[in-house]
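Student: Pasting a structure below so you can have a look.
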Amino acid sequence: MQLPKIFLSLLLFNGCSGLHHREVLTKAIPPSQDPWYTAPPDFESASPGTILRIRPDPSNITAIVAAAAAYNILFRSTDTRYRPSFAVTTLFVPKNPLETRRVSNEVADNGKAALLSFQLPYNTASIDASPSYLLSTNFGLSGPGVTPLSSYVAEALSRGWYVVVPDFEGPTASFGAGPQAGHAVLDNIRAALSSDELHSNFGNTRYAMWGYSGGSIASTFAAELQASYAPELDFAGAAIGGIIPDLTEVFSRPISNVSALIPAGLLGVTAQYPAAREFLISQLKTSGPYNATGFLRTLNFGAIESIQYFGLQNISDYFVNGLEALYNAPELARVFGDNEYEGYHGIPQMPLFVYKAIHDDSNGIATSDDLISHYCKVGADILYHRNTIGGHEAEFINGVPRSFEFLSAVLDGSYSEKYNTTGCTWVDVTVNVTAPATGES
């Protein structure tokens, strides 16, 4: 099937240049088949963020991103319904850590280690498409016009930062479940800070977050939940791009540039709600070309397979009463309300750099403006860039240099010298990958 160009743009967010997975040539095995990905007995009694298991990453990822070492960490967390759970993160150790760069005066404060939590947008209802398994393969692929997501890990490591990449959807691959993702991000920071592999200590490390698109959901929920869930954490900052304040706005459109991800979104958000999942499946057609069997195949798909399989199908055709009726169903209202709306779980306490294309073609700028206004009314510290150039795909690329500039400032201690440290600054910018930002507040 020939995919429209707008669907091919989504390949960017999964680090692939084609529609076929690279053969896994390492010792890594799929999480669904790997006993390491299960929690040990009585894990529930551990505090959130406690390391439950740790191992050297079994793939060849250190060669791809030029890391001194990489480790998989399984840690205690909390699911989207606030029950004890667990998740996995991959910790990368830089070859030349920031805190050791003393002689050349490269940094503003070279006594502090730097840790970045990079929320990779993996957008799937399959545990076997988790970053800890695919970082060295699917997310490491490159091709014409495509930059692999692993390259951003490599860039961060080259700056001397430790990097963690969490499987924030958790053991049930709960794509779209906001609190699940936010808890996992916060707990992956807790786990990294307590790890012997991070050669620093809790009080001597600056840490920040970065996420775009699906990764922005996890990052934003983490920022909102930090004050209540992890009050001891003091983030230096967070860069959040392509924000999605209302995921139902995106997934209510049966034909769009991201509609192929609707099945994964609906199955992901109901993964921890048995009654809601049962109702969802009951609404699927049992015969015809668009039926339950086809819809449920997404449970074994990564985002690329979902795009390939669902293409520009009308997702509404899978449901006996259509997609609109599903979003109006009282059986699902609480699930959507608890998981898919940002701005209701707290106010970010750390400085934020938020960036989005005004003409974002996956979700409009209006709800993003509303969310930032909401944060700003109660004293959040935000630099908000609204780009006049491009759409959702383009802004990912266009936002990378500005994100690294912001993250460098918060992680090396020079933030107050380069940015406004109080209140909100709104800027309409005109930025592409080759031109600097210009605009006015």
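Going by the structure tokens order, chains are called A, B, ..., each with residues numbered from 1, while ligands are numbered from 1 in the order shown.
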Leaving out His359 of chain A and any residue of its chain fewer than 5 positions from it, which residues lie within 12 Å of it when counting only C-alpha atoms, given as an mmCIF file with C-alpha atoms, in the first residue's frame?

Tutor:
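Result went into around-v3.cif, see below:
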```cif
data_model
loop_
_atom_site.group_PDB
_atom_site.id
_atom_site.type_symbol
_atom_site.label_atom_id
_atom_site.label_comp_id
_atom_site.auth_asym_id
_atom_site.auth_seq_id
_atom_site.Cartn_x
_atom_site.Cartn_y
_atom_site.Cartn_z
ATOM 1 C CA GLY A 242 4.483 19.550 20.044
ATOM 2 C CA GLY A 364 -4.313 22.893 16.770
ATOM 3 C CA ILE A 365 -2.565 25.698 18.614
ATOM 4 C CA ALA A 366 -5.696 26.885 20.466
ATOM 5 C CA SER A 368 -1.976 24.698 23.654
ATOM 6 C CA ARG A 386 4.814 29.560 18.614
ATOM 7 C CA ASN A 387 6.457 28.831 15.272
ATOM 8 C CA THR A 388 4.932 30.347 12.130
ATOM 9 C CA ILE A 389 6.785 27.763 10.020
ATOM 10 C CA GLY A 390 5.797 24.162 9.383
ATOM 11 C CA GLY A 391 3.601 21.640 11.146
ATOM 12 C CA HIS A 392 3.987 18.840 13.662
ATOM 13 C CA GLU A 393 6.814 17.004 11.892
ATOM 14 C CA ALA A 394 8.779 20.111 10.966
ATOM 15 C CA GLU A 395 8.631 21.552 14.460
#
```

Student: Skipping near chain neighbours, those fewer than 3 positions away, what residues fall within 6 Å of Ala184 of chain A using only C-alpha atoms, listed as a list in words?

Tutor: Ser77, Phe168, Ala181, Asp187 and Asn188 of chain A

Student: Find, counting only C-alpha atoms, the residue in A:Asn123, A:Gln33, A:Ser174, A:Asn60 that gets nearest to Ser306 of chain A.

Tutor: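 The closest residue to Ser306 of chain A is A:Asn123.
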
Student: Give me, as a Markdown table, each residue of segment 85-184 of chain A that comes within 10 Å of segment 244-250 of chain A, together with its shortest interatomic pair and the distance in Å at one decimal, counting only C-alpha atoms, with rows ordered by chain and rising residue number.

Tutor:
```
| residue | atom | partner | partner_atom | distance |
| --- | --- | --- | --- | --- |
| A:Gly176 | CA | A:Leu247 | CA | 7.5 |
| A:Ala177 | CA | A:Leu247 | CA | 9.9 |
| A:Gly178 | CA | A:Leu247 | CA | 9.7 |
```

Student: So how many Å separate atom CA of Gly237 of chain A and atom CA of Gln349 of chain A, to one decimal?

Tutor: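 That distance, rounded to one decimal, is 8.8 Å.
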
Student: What lies within 12 Å of segment 277-290 of chain A using only C-alpha atoms, ignoring chain neighbours under 3 positions off, as a ChimeraX atom specification?

Tutor: /A:174,263,265-274,293-297,309-310,313-327,329-333,335

Student: Output N, CA and C atoms for every residue in that selection, as a CSV table (one decimal), in the first residue's frame.

Tutor:
```csv
chain,number,residue,atom,x,y,z
A,174,SER,N,0.6,1.3,28.2
A,174,SER,CA,-0.6,2.1,28.3
A,174,SER,C,-0.4,3.5,27.6
A,263,PRO,N,-6.3,3.3,17.2
A,263,PRO,CA,-6.4,2.0,17.9
A,263,PRO,C,-5.5,1.8,19.0
A,265,GLY,N,-4.1,4.1,20.8
A,265,GLY,CA,-4.4,5.1,21.8
A,265,GLY,C,-5.6,4.6,22.7
A,266,LEU,N,-6.6,4.0,22.0
A,266,LEU,CA,-7.8,3.5,22.7
A,266,LEU,C,-7.5,2.3,23.5
A,267,LEU,N,-6.7,1.4,22.9
A,267,LEU,CA,-6.3,0.2,23.7
A,267,LEU,C,-5.3,0.5,24.8
A,268,GLY,N,-4.5,1.5,24.5
A,268,GLY,CA,-3.5,1.8,25.6
A,268,GLY,C,-4.1,2.5,26.8
A,269,VAL,N,-5.0,3.4,26.5
A,269,VAL,CA,-5.6,4.1,27.7
A,269,VAL,C,-6.6,3.3,28.5
A,270,THR,N,-7.1,2.2,27.9
A,270,THR,CA,-8.0,1.3,28.6
A,270,THR,C,-7.2,0.1,29.1
A,271,ALA,N,-5.9,0.0,29.0
A,271,ALA,CA,-5.2,-1.2,29.4
A,271,ALA,C,-5.3,-1.5,30.8
A,272,GLN,N,-5.4,-0.5,31.7
A,272,GLN,CA,-5.5,-0.6,33.1
A,272,GLN,C,-6.9,-0.5,33.7
A,273,TYR,N,-7.9,-0.5,32.8
A,273,TYR,CA,-9.3,-0.4,33.1
A,273,TYR,C,-10.1,-1.6,32.5
A,274,PRO,N,-10.1,-2.8,33.1
A,274,PRO,CA,-10.8,-3.9,32.5
A,274,PRO,C,-12.2,-3.7,32.0
A,293,THR,N,-11.1,-8.1,14.8
A,293,THR,CA,-9.8,-8.8,14.6
A,293,THR,C,-8.8,-7.9,14.1
A,294,GLY,N,-9.1,-7.1,13.1
A,294,GLY,CA,-8.2,-6.2,12.5
A,294,GLY,C,-7.8,-5.1,13.5
A,295,PHE,N,-8.7,-4.6,14.2
A,295,PHE,CA,-8.5,-3.5,15.2
A,295,PHE,C,-7.5,-4.0,16.3
A,296,LEU,N,-7.7,-5.2,16.8
A,296,LEU,CA,-6.9,-5.7,17.9
A,296,LEU,C,-5.5,-6.1,17.5
A,297,ARG,N,-5.3,-6.1,16.2
A,297,ARG,CA,-3.9,-6.5,15.8
A,297,ARG,C,-2.9,-5.4,16.3
A,309,TYR,N,-0.6,-0.6,8.6
A,309,TYR,CA,-1.8,-1.4,8.5
A,309,TYR,C,-3.1,-0.5,8.3
A,310,PHE,N,-3.1,0.6,9.1
A,310,PHE,CA,-4.4,1.4,9.2
A,310,PHE,C,-4.4,2.5,8.1
A,313,GLN,N,-7.3,4.7,6.6
A,313,GLN,CA,-8.6,4.2,6.9
A,313,GLN,C,-9.5,5.1,7.7
A,314,ASN,N,-10.8,5.0,7.6
A,314,ASN,CA,-11.7,5.7,8.5
A,314,ASN,C,-11.8,4.9,9.7
A,315,ILE,N,-11.2,5.2,10.8
A,315,ILE,CA,-11.2,4.4,12.0
A,315,ILE,C,-12.6,4.3,12.6
A,316,SER,N,-13.5,5.2,12.3
A,316,SER,CA,-14.9,5.2,12.7
A,316,SER,C,-15.6,3.9,12.2
A,317,ASP,N,-15.1,3.4,11.0
A,317,ASP,CA,-15.8,2.3,10.4
A,317,ASP,C,-15.6,1.0,11.2
A,318,TYR,N,-14.7,1.0,12.2
A,318,TYR,CA,-14.5,-0.2,13.0
A,318,TYR,C,-15.6,-0.4,14.1
A,319,PHE,N,-16.3,0.7,14.4
A,319,PHE,CA,-17.2,0.7,15.5
A,319,PHE,C,-18.7,0.7,15.1
A,320,VAL,N,-19.5,-0.1,15.8
A,320,VAL,CA,-20.9,-0.2,15.4
A,320,VAL,C,-21.7,1.1,15.4
A,321,ASN,N,-21.3,2.0,16.3
A,321,ASN,CA,-21.9,3.3,16.4
A,321,ASN,C,-21.0,4.4,16.0
A,322,GLY,N,-19.9,4.1,15.4
A,322,GLY,CA,-18.9,5.2,15.0
A,322,GLY,C,-18.0,5.6,16.2
A,323,LEU,N,-17.0,6.4,15.8
A,323,LEU,CA,-16.0,6.9,16.8
A,323,LEU,C,-16.6,7.9,17.7
A,324,GLU,N,-17.4,8.8,17.1
A,324,GLU,CA,-18.0,9.9,17.9
A,324,GLU,C,-18.8,9.4,19.1
A,325,ALA,N,-19.6,8.3,18.9
A,325,ALA,CA,-20.4,7.7,19.9
A,325,ALA,C,-19.5,7.1,21.0
A,326,LEU,N,-18.3,6.6,20.6
A,326,LEU,CA,-17.4,6.0,21.6
A,326,LEU,C,-16.9,7.1,22.5
A,327,TYR,N,-16.6,8.2,22.0
A,327,TYR,CA,-16.0,9.3,22.9
A,327,TYR,C,-17.1,10.0,23.7
A,329,ALA,N,-19.5,8.0,25.1
A,329,ALA,CA,-20.0,6.9,26.0
A,329,ALA,C,-19.6,7.2,27.4
A,330,PRO,N,-20.6,7.1,28.3
A,330,PRO,CA,-20.3,7.3,29.8
A,330,PRO,C,-19.4,6.2,30.3
A,331,GLU,N,-19.4,5.0,29.7
A,331,GLU,CA,-18.5,4.0,30.2
A,331,GLU,C,-17.0,4.3,30.0
A,332,LEU,N,-16.7,5.3,29.2
A,332,LEU,CA,-15.3,5.7,28.9
A,332,LEU,C,-15.0,7.1,29.4
A,333,ALA,N,-16.0,7.8,29.8
A,333,ALA,CA,-15.8,9.3,30.1
A,333,ALA,C,-14.7,9.4,31.2
A,335,VAL,N,-12.3,7.4,32.2
A,335,VAL,CA,-11.0,7.0,31.7
A,335,VAL,C,-10.4,8.1,30.9
```

Student: Can you measure atom CA of Pro94 of chain A to atom CA of Ala63 of chain A for me? One decimal in Å is fine.

Tutor: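 Taking atom CA of Pro94 of chain A as the start and atom CA of Ala63 of chain A as the end point, the length is 12.1 Å.
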
Student: Kindly indicate which residue among A:His374, A:Lys356, A:Arg53, A:His183 lies nearest to Tyr344 of chain A, using only C-alpha atoms for the distances.

Tutor: A:His374

Student: Tell me which of A:Pro171, A:Gly241, A:Gly337, A:Gly160 sits closest to Phe396 of chain A, counting only C-alpha atoms.

Tutor: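 Nearest candidate to Phe396 of chain A out of A:Pro171, A:Gly241, A:Gly337, A:Gly160: A:Gly241.
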